[in-house]
Each structure stands twice: as structure tokens, then as C-alpha cells.
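I have placed the structure first, in the form of C-alpha cells, so that the comments after it can refer back to it.
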2 protein chains.
Amino acid sequence: MRFLGYFRSSSAYRCRIAFNLKGLEYDFESVHLKSGQQKAPAYAAVNPQMLVPTLIADDGQELTQSLAIIEWLDETYADPPLLPADKDLRAQVRAFSQVIACEIHPLQNLRVLQYLRGELRLDEDAVSKWLARWLGEGLTACEDILNKRGEDSRFCFGDVPGLADICLVPQVFSAQRFGVDISGLKRINEINANCAALPAFSQAEPAKQPDFEA
Amino acid sequence: MRFLGYFRSSSAYRCRIAFNLKGLEYDFESVHLKSGQQKAPAYAAVNPQMLVPTLIADDGQELTQSLAIIEWLDETYADPPLLPADKDLRAQVRAFSQVIACEIHPLQNLRVLQYLRGELRLDEDAVSKWLARWLGEGLTACEDILNKRGEDSRFCFGDVPGLADICLVPQVFSAQRFGVDISGLKRINEINANCAALPAFSQAEPAKQPDFEA
């Protein structure tokens, strides 16, 4: 498998955790987002959205969108499963993951931040408020969802890590990077620490990737 | 089933199409987003994200996030399927749907537009530019993805409607409502017209809902 990503992309980070949990090897190719490599014609031909990541499977098929990639990995390499076998619980895991992927992450994407700073000429204070609003509100909703379940499990849904944790950890990383205060989100911080103790998660961290830049 | 939604919400619109395609009946309860009913404690207790839709199944379980709801419907009421049986094609359908649900729709959500007009004090011209940028760029990527497949099918992926069409039609509706010019997106306009000819899609239109307001 060839994996086209970028060390700092949350979506690529999610896929890296999934590869690691499954024990899958892949050839990594960096697409340097800050210098706009995702807009190069060769990459746009593969991924018309000009976003990372893209997975090119061994049979040559091209897969995009991190959640779709991870569900495909789960359906192709079954062990260990990243989604619950029970359809009702699976819906809860997907919904939690989509709170992050559909409601939080899109508002802190590089292209959106570039628009805020560029076209809208927001200063750093206003950008920080934007980030604090959407990451703070979104992760608080995640905490509420976890508390509503009332489960005292090691991970979001039970005692084995899965798709929900795969989405949560990169989002917590982003919140920390952007200086959003989530210290009050007790359950999320516990789960994040439990994940960080696993090599599958820690080896996927941005700072440990070959294209990392400080 | 009880379905808590709002006539104009794209996410609720997606679910309505799915119900109709499956021939499922449901009791509808309107959550009036513009007057902030989604923030009422009774609703927030059910849906901590304070967004629509929420589906309450016959056994009382609460489901949120439209894509998770639709996959659950598909796994619970199998006929007709809304996702392909082939896992590779399923990944393509999910990815296309996520381009809309994770990259386009979040940037035109009511709460984001309220933030642009309120906290950022953007005038209508600047809001229109924001919408034109993200809806235009996003739907153009969708068009490119469809053209890249090179299929001359009635719907996004083949000759039966499914999850991709369920996501596409409400997004096209939003683009039209916001005055974003997508007249050049030939394939999308064709598919949208093919969908509109089906009662499952046309009966799900915002203007045909009991809580519709002009």
C-alpha cells in the first residue's frame, strides 16, 4: 500500500493509527500541504479534492477520505476490528467519530485557517477565538456524549481502542497545538492518556513522522 | 420511530430521503433551529451536540449524525440497500458522501453563518463569497470525482440511488438557495434532475415538510 499524507494532517494521523492498530505496513509519501503540493496536477488527478490523505491499495485502487479509508481497512483486514460487531453500538461509534470529522475538524482545516487569515484578514486573536469556539464546543459535546454513556471504560467505547479513539486523539492533539483549553474535559483527557500509552497511537504522532518539521 | 429534525437542515433532508427510499414511516418532531430550540435542555439531553437530526428508534435508542443514522437504517432495514455490497465500491460511495458531509456542509451550517455575521460582522457580500468558495470548490471536486469515474449512470454510483445521491441532492439545494452558481457542473445537475424525478427525493424537499416556513 502507498499512503500519501502529511505529518500534521489530522486525517492522515487517523489513518496512521488505524494502520498501526492493524499492524499494516505501508510506503509513505509526503504531500507538503504548506507549500501546496496537494494542488500539483499529478496529485489532483489522484485526489480531485486536493486534500490528504490518499491510500493507493496493492491492486492500484485509490481511496480518499479518512473515515472511508479506515472502514475499508476494517473490511479488508478484519483483525483486530476497529468497529463494534453490534450494529447499534457501531452507529454510536460512527456518530461520535462524525462529530469530530464532520463538525470540528472541518472548521480548523489548513485551507479554512488560510481563508480566515488571508481573505478575511483576521488577526491571531480572532483566529484563536474561532478555534476556541469550534474545538471547545465540539470537544465538550464529545465529553458530554461519553459522560451520557456513563461507561468507565479505558477507551471511548469499551476497553479496546477503535474508530472513536482514532478520531479523538488527533483532535485533542490539534486542540493542544492551537492552545485551546480542554483541561476540564476529564474523560477525554483520561482516554487520550490511555491511548498515548499504546505504541499504535504514540508511533502515529506527527513529531514521529519522516516529514515532520518543527 | 421518532425523527427530530428541521425542514431546512441538510442533514435532516438526507435522512428524509433515506426513510422514503426504504419506505419507512416515522413520527416527525420539528426542532426550530432559527429560534434555538436545539439548545433547550430537553433536546440537549438527547443530543449533546445540540444539532439536528436525532432519530429515536422503536426500542428507545437515540441515534445522531445523519451518515451514522443512514448506515444504521441500511443495516436495520436492508431493502433496498443504500450502500453497495462490494467493499471497494462502498468505500468510494462513503468517500464521496464524506466530501459533502465533512468538507462542504460544515462550512455552511447555520451556526457557522451566524458566527460569520455575528462575531465576525461580515456583510452579506463577504458571506456570499465564503459560501461560493466552499460550496463551489467542494461541488466542483464532486463533479471531478464523478467525471473521473467516467460512468454514464443515472445516479452517482450506478443506476439506483444511494448514499452518495442522498448527500448530493440536499447540498445542491443549499447551493441554489445561497445563490452559488453551479450551472457548469453538468454531471451533478443531471444526477440532481434524475433524483428530483423520484418521489423519494421530491417528497423530502424542505418546502414539502410540515414545519416549512417561506
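Order determines the names: the first chain of the C-alpha cells is A, the second B, and so forth; residues in each chain are numbered 1 upward, and ligands are numbered 1 upward as they are shown.
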
Would you mind listing, as a short mmCIF file (atom, residue, chain, number, x, y, z; two decimals) with N, CA and C atoms, in the first residue's frame, all residues of chain B that have at least one atom within 9 Å of chain A, where only C-alpha atoms are what counts?
data_model
loop_
_atom_site.label_atom_id
_atom_site.label_comp_id
_atom_site.auth_asym_id
_atom_site.auth_seq_id
_atom_site.Cartn_x
_atom_site.Cartn_y
_atom_site.Cartn_z
N ALA B 45 -30.27 17.13 26.25
CA ALA B 45 -30.10 15.88 26.99
C ALA B 45 -30.09 14.68 26.04
N ASN B 47 -29.43 15.05 22.57
CA ASN B 47 -28.38 15.29 21.59
C ASN B 47 -27.42 16.35 22.13
N PRO B 48 -26.34 15.91 22.83
CA PRO B 48 -25.43 16.86 23.48
C PRO B 48 -24.78 17.85 22.50
N GLN B 49 -24.76 17.49 21.23
CA GLN B 49 -24.19 18.41 20.25
C GLN B 49 -25.14 19.56 19.94
N MET B 50 -26.40 19.38 20.32
CA MET B 50 -27.43 20.39 20.07
C MET B 50 -27.56 20.72 18.57
N GLN B 61 -33.60 3.65 21.62
CA GLN B 61 -32.22 4.13 21.44
C GLN B 61 -32.18 5.40 20.60
N GLU B 62 -31.24 6.27 20.97
CA GLU B 62 -31.13 7.57 20.32
C GLU B 62 -29.94 7.57 19.37
N LEU B 63 -30.19 7.95 18.13
CA LEU B 63 -29.13 7.96 17.13
C LEU B 63 -28.94 9.38 16.62
N THR B 64 -27.68 9.76 16.43
CA THR B 64 -27.39 11.09 15.91
C THR B 64 -26.43 10.98 14.73
N GLN B 65 -26.16 12.11 14.12
CA GLN B 65 -25.29 12.24 12.94
C GLN B 65 -25.90 11.52 11.72
N SER B 66 -26.25 12.30 10.72
CA SER B 66 -27.02 11.76 9.60
C SER B 66 -26.38 10.56 8.91
N LEU B 67 -25.06 10.58 8.68
CA LEU B 67 -24.46 9.44 7.98
C LEU B 67 -24.50 8.17 8.84
N ALA B 68 -24.30 8.34 10.14
CA ALA B 68 -24.39 7.18 11.04
C ALA B 68 -25.83 6.67 11.10
N ILE B 69 -26.79 7.58 11.11
CA ILE B 69 -28.21 7.19 11.11
C ILE B 69 -28.53 6.40 9.84
N GLU B 71 -26.50 4.78 7.78
CA GLU B 71 -25.86 3.44 7.75
C GLU B 71 -26.61 2.49 8.70
N TRP B 72 -27.06 3.01 9.84
CA TRP B 72 -27.83 2.17 10.78
C TRP B 72 -29.15 1.74 10.13
N GLU B 75 -28.46 -0.99 7.78
CA GLU B 75 -28.12 -2.26 8.42
C GLU B 75 -29.32 -2.87 9.14
N THR B 76 -30.34 -2.04 9.39
CA THR B 76 -31.51 -2.50 10.14
C THR B 76 -32.67 -2.86 9.20
N LYS B 87 -17.17 -4.05 -1.21
CA LYS B 87 -16.49 -3.19 -0.24
C LYS B 87 -15.66 -2.08 -0.90
N ASP B 88 -15.12 -2.33 -2.08
CA ASP B 88 -14.33 -1.29 -2.74
C ASP B 88 -15.24 -0.16 -3.22
N ARG B 90 -18.17 0.45 -2.01
CA ARG B 90 -18.72 1.05 -0.80
C ARG B 90 -17.78 2.15 -0.28
N ALA B 91 -16.49 1.90 -0.33
CA ALA B 91 -15.51 2.90 0.12
C ALA B 91 -15.59 4.16 -0.76
N GLN B 92 -15.83 3.97 -2.06
CA GLN B 92 -15.94 5.13 -2.96
C GLN B 92 -17.20 5.93 -2.63
N VAL B 93 -18.29 5.23 -2.36
CA VAL B 93 -19.56 5.90 -2.03
C VAL B 93 -19.43 6.65 -0.71
N ARG B 94 -18.81 5.98 0.28
CA ARG B 94 -18.62 6.66 1.56
C ARG B 94 -17.72 7.89 1.40
N ALA B 95 -16.65 7.77 0.63
CA ALA B 95 -15.74 8.90 0.46
C ALA B 95 -16.46 10.07 -0.21
N PHE B 96 -17.23 9.79 -1.25
CA PHE B 96 -17.97 10.86 -1.94
C PHE B 96 -18.94 11.54 -0.96
N GLN B 98 -18.67 11.70 2.22
CA GLN B 98 -17.90 12.45 3.22
C GLN B 98 -17.31 13.74 2.65
N VAL B 99 -17.05 13.77 1.36
CA VAL B 99 -16.63 15.05 0.76
C VAL B 99 -17.69 16.10 1.07
N ALA B 101 -20.31 15.74 3.49
CA ALA B 101 -20.67 15.84 4.91
C ALA B 101 -19.52 16.36 5.77
N CYS B 102 -18.28 16.12 5.36
CA CYS B 102 -17.13 16.53 6.18
C CYS B 102 -16.42 17.76 5.63
N GLU B 103 -16.67 18.15 4.41
CA GLU B 103 -15.85 19.23 3.84
C GLU B 103 -16.67 20.39 3.30
N ILE B 104 -17.90 20.14 2.88
CA ILE B 104 -18.70 21.24 2.32
C ILE B 104 -19.72 21.71 3.35
N HIS B 105 -20.60 20.81 3.74
CA HIS B 105 -21.72 21.18 4.60
C HIS B 105 -21.32 21.88 5.90
N PRO B 106 -20.24 21.42 6.60
CA PRO B 106 -19.91 22.05 7.88
C PRO B 106 -19.60 23.54 7.76
N LEU B 107 -19.18 23.97 6.58
CA LEU B 107 -18.79 25.36 6.40
C LEU B 107 -19.97 26.26 6.04
N VAL B 112 -22.33 28.33 11.84
CA VAL B 112 -21.13 28.97 11.26
C VAL B 112 -21.53 30.29 10.59
N TYR B 115 -22.02 32.85 13.14
CA TYR B 115 -20.73 33.34 13.65
C TYR B 115 -20.12 34.36 12.67
N LEU B 120 -17.97 37.86 13.62
CA LEU B 120 -17.01 38.43 12.65
C LEU B 120 -17.57 39.61 11.88
N LEU B 122 -19.31 39.99 9.27
CA LEU B 122 -19.18 40.02 7.81
C LEU B 122 -20.47 40.54 7.19
N ALA B 126 -19.53 39.44 1.80
CA ALA B 126 -18.44 38.58 2.29
C ALA B 126 -18.96 37.18 2.62
N TRP B 130 -17.75 33.64 0.95
CA TRP B 130 -17.42 32.45 1.77
C TRP B 130 -18.17 31.23 1.23
N GLU B 137 -16.08 25.18 -4.63
CA GLU B 137 -14.89 24.33 -4.68
C GLU B 137 -15.27 22.87 -4.36
N GLY B 138 -16.12 22.71 -3.36
CA GLY B 138 -16.50 21.36 -2.92
C GLY B 138 -17.31 20.62 -3.97
N THR B 140 -17.41 21.28 -7.12
CA THR B 140 -16.55 21.06 -8.29
C THR B 140 -15.70 19.80 -8.08
N ALA B 141 -15.23 19.59 -6.85
CA ALA B 141 -14.48 18.36 -6.55
C ALA B 141 -15.39 17.14 -6.73
N CYS B 142 -16.64 17.27 -6.31
CA CYS B 142 -17.60 16.16 -6.51
C CYS B 142 -17.77 15.86 -7.99
N ASP B 144 -15.66 16.48 -10.36
CA ASP B 144 -14.41 15.88 -10.85
C ASP B 144 -14.33 14.40 -10.48
N ILE B 145 -14.78 14.08 -9.26
CA ILE B 145 -14.76 12.67 -8.82
C ILE B 145 -15.68 11.84 -9.71
N LYS B 148 -14.18 11.52 -13.16
CA LYS B 148 -13.02 10.62 -13.12
C LYS B 148 -13.49 9.16 -13.21
#

DSSP-assigned helix (DSSP H, G or I) members of chain A, reported as a PyMOL selection string: chain A and resi 10-22+37-39+41-46+66-76+87-107+110-117+124-149+163-177+186-196+199-202+206-208

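The coordinates place atom CA of A:Ala175 at 8.2 Å from atom CA of A:Ala132.
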
Atomic separation - atom CA of A:Pro206 relative to atom CA of A:Gly179, Å: 16.6 Å

Could you tell me how far atom CA of A:Ile166 sits from atom CA of A:Phe3, in Å to one decimal place? 17.0 Å

Where does DSSP see strand (DSSP E) in stretch 4-204 of chain B, if you list the residues as a list in words? Leu4, Gly5, Asp27, Phe28, Glu29, Ser30, Thr54, Leu55, Ile56, Glu62, Leu63 and Thr64 of chain B

Kindly save the residues from that selection, with N, CA, C and O atoms included, as a CSV table (one decimal), in the first residue's frame.
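The file below, result14.csv, is the result:
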chain,number,residue,atom,x,y,z
B,4,LEU,N,-36.4,13.7,14.9
B,4,LEU,CA,-36.4,15.1,15.4
B,4,LEU,C,-35.5,15.9,14.3
B,4,LEU,O,-34.3,15.6,14.2
B,5,GLY,N,-36.1,16.8,13.6
B,5,GLY,CA,-35.4,17.4,12.6
B,5,GLY,C,-35.9,18.9,12.3
B,5,GLY,O,-36.6,19.4,13.1
B,27,ASP,N,-42.6,9.3,13.0
B,27,ASP,CA,-43.2,10.5,13.6
B,27,ASP,C,-42.3,11.6,13.6
B,27,ASP,O,-41.2,11.5,14.2
B,28,PHE,N,-42.6,12.7,13.0
B,28,PHE,CA,-41.7,13.9,12.9
B,28,PHE,C,-42.0,14.9,14.0
B,28,PHE,O,-43.1,15.2,14.3
B,29,GLU,N,-40.9,15.3,14.6
B,29,GLU,CA,-41.0,16.4,15.5
B,29,GLU,C,-40.0,17.5,15.1
B,29,GLU,O,-38.8,17.3,15.0
B,30,SER,N,-40.5,18.7,14.9
B,30,SER,CA,-39.7,19.8,14.5
B,30,SER,C,-38.9,20.4,15.6
B,30,SER,O,-39.4,20.7,16.7
B,54,THR,N,-32.0,13.9,15.2
B,54,THR,CA,-31.9,12.8,16.1
B,54,THR,C,-33.0,11.8,15.7
B,54,THR,O,-34.1,12.2,15.5
B,55,LEU,N,-32.6,10.5,15.7
B,55,LEU,CA,-33.6,9.5,15.4
B,55,LEU,C,-33.8,8.7,16.7
B,55,LEU,O,-32.8,8.3,17.3
B,56,ILE,N,-35.0,8.5,17.2
B,56,ILE,CA,-35.3,7.7,18.3
B,56,ILE,C,-36.0,6.4,17.8
B,56,ILE,O,-37.1,6.5,17.3
B,62,GLU,N,-31.2,6.3,21.0
B,62,GLU,CA,-31.1,7.6,20.3
B,62,GLU,C,-29.9,7.6,19.4
B,62,GLU,O,-28.8,7.2,19.8
B,63,LEU,N,-30.2,8.0,18.1
B,63,LEU,CA,-29.1,8.0,17.1
B,63,LEU,C,-28.9,9.4,16.6
B,63,LEU,O,-29.9,10.1,16.4
B,64,THR,N,-27.7,9.8,16.4
B,64,THR,CA,-27.4,11.1,15.9
B,64,THR,C,-26.4,11.0,14.7
B,64,THR,O,-25.9,9.9,14.4

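Of the listed residues B:Gly150, B:Gly136, B:Pro199, B:Gly158, the one whose atoms come nearest to B:Phe178 is B:Gly136, with distances taken using only C-alpha atoms.
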
Skipping near chain neighbours, those fewer than 5 positions away, what residues fall within 9 Å of B:Cys195 using only C-alpha atoms, listed as a count of residues only? 10
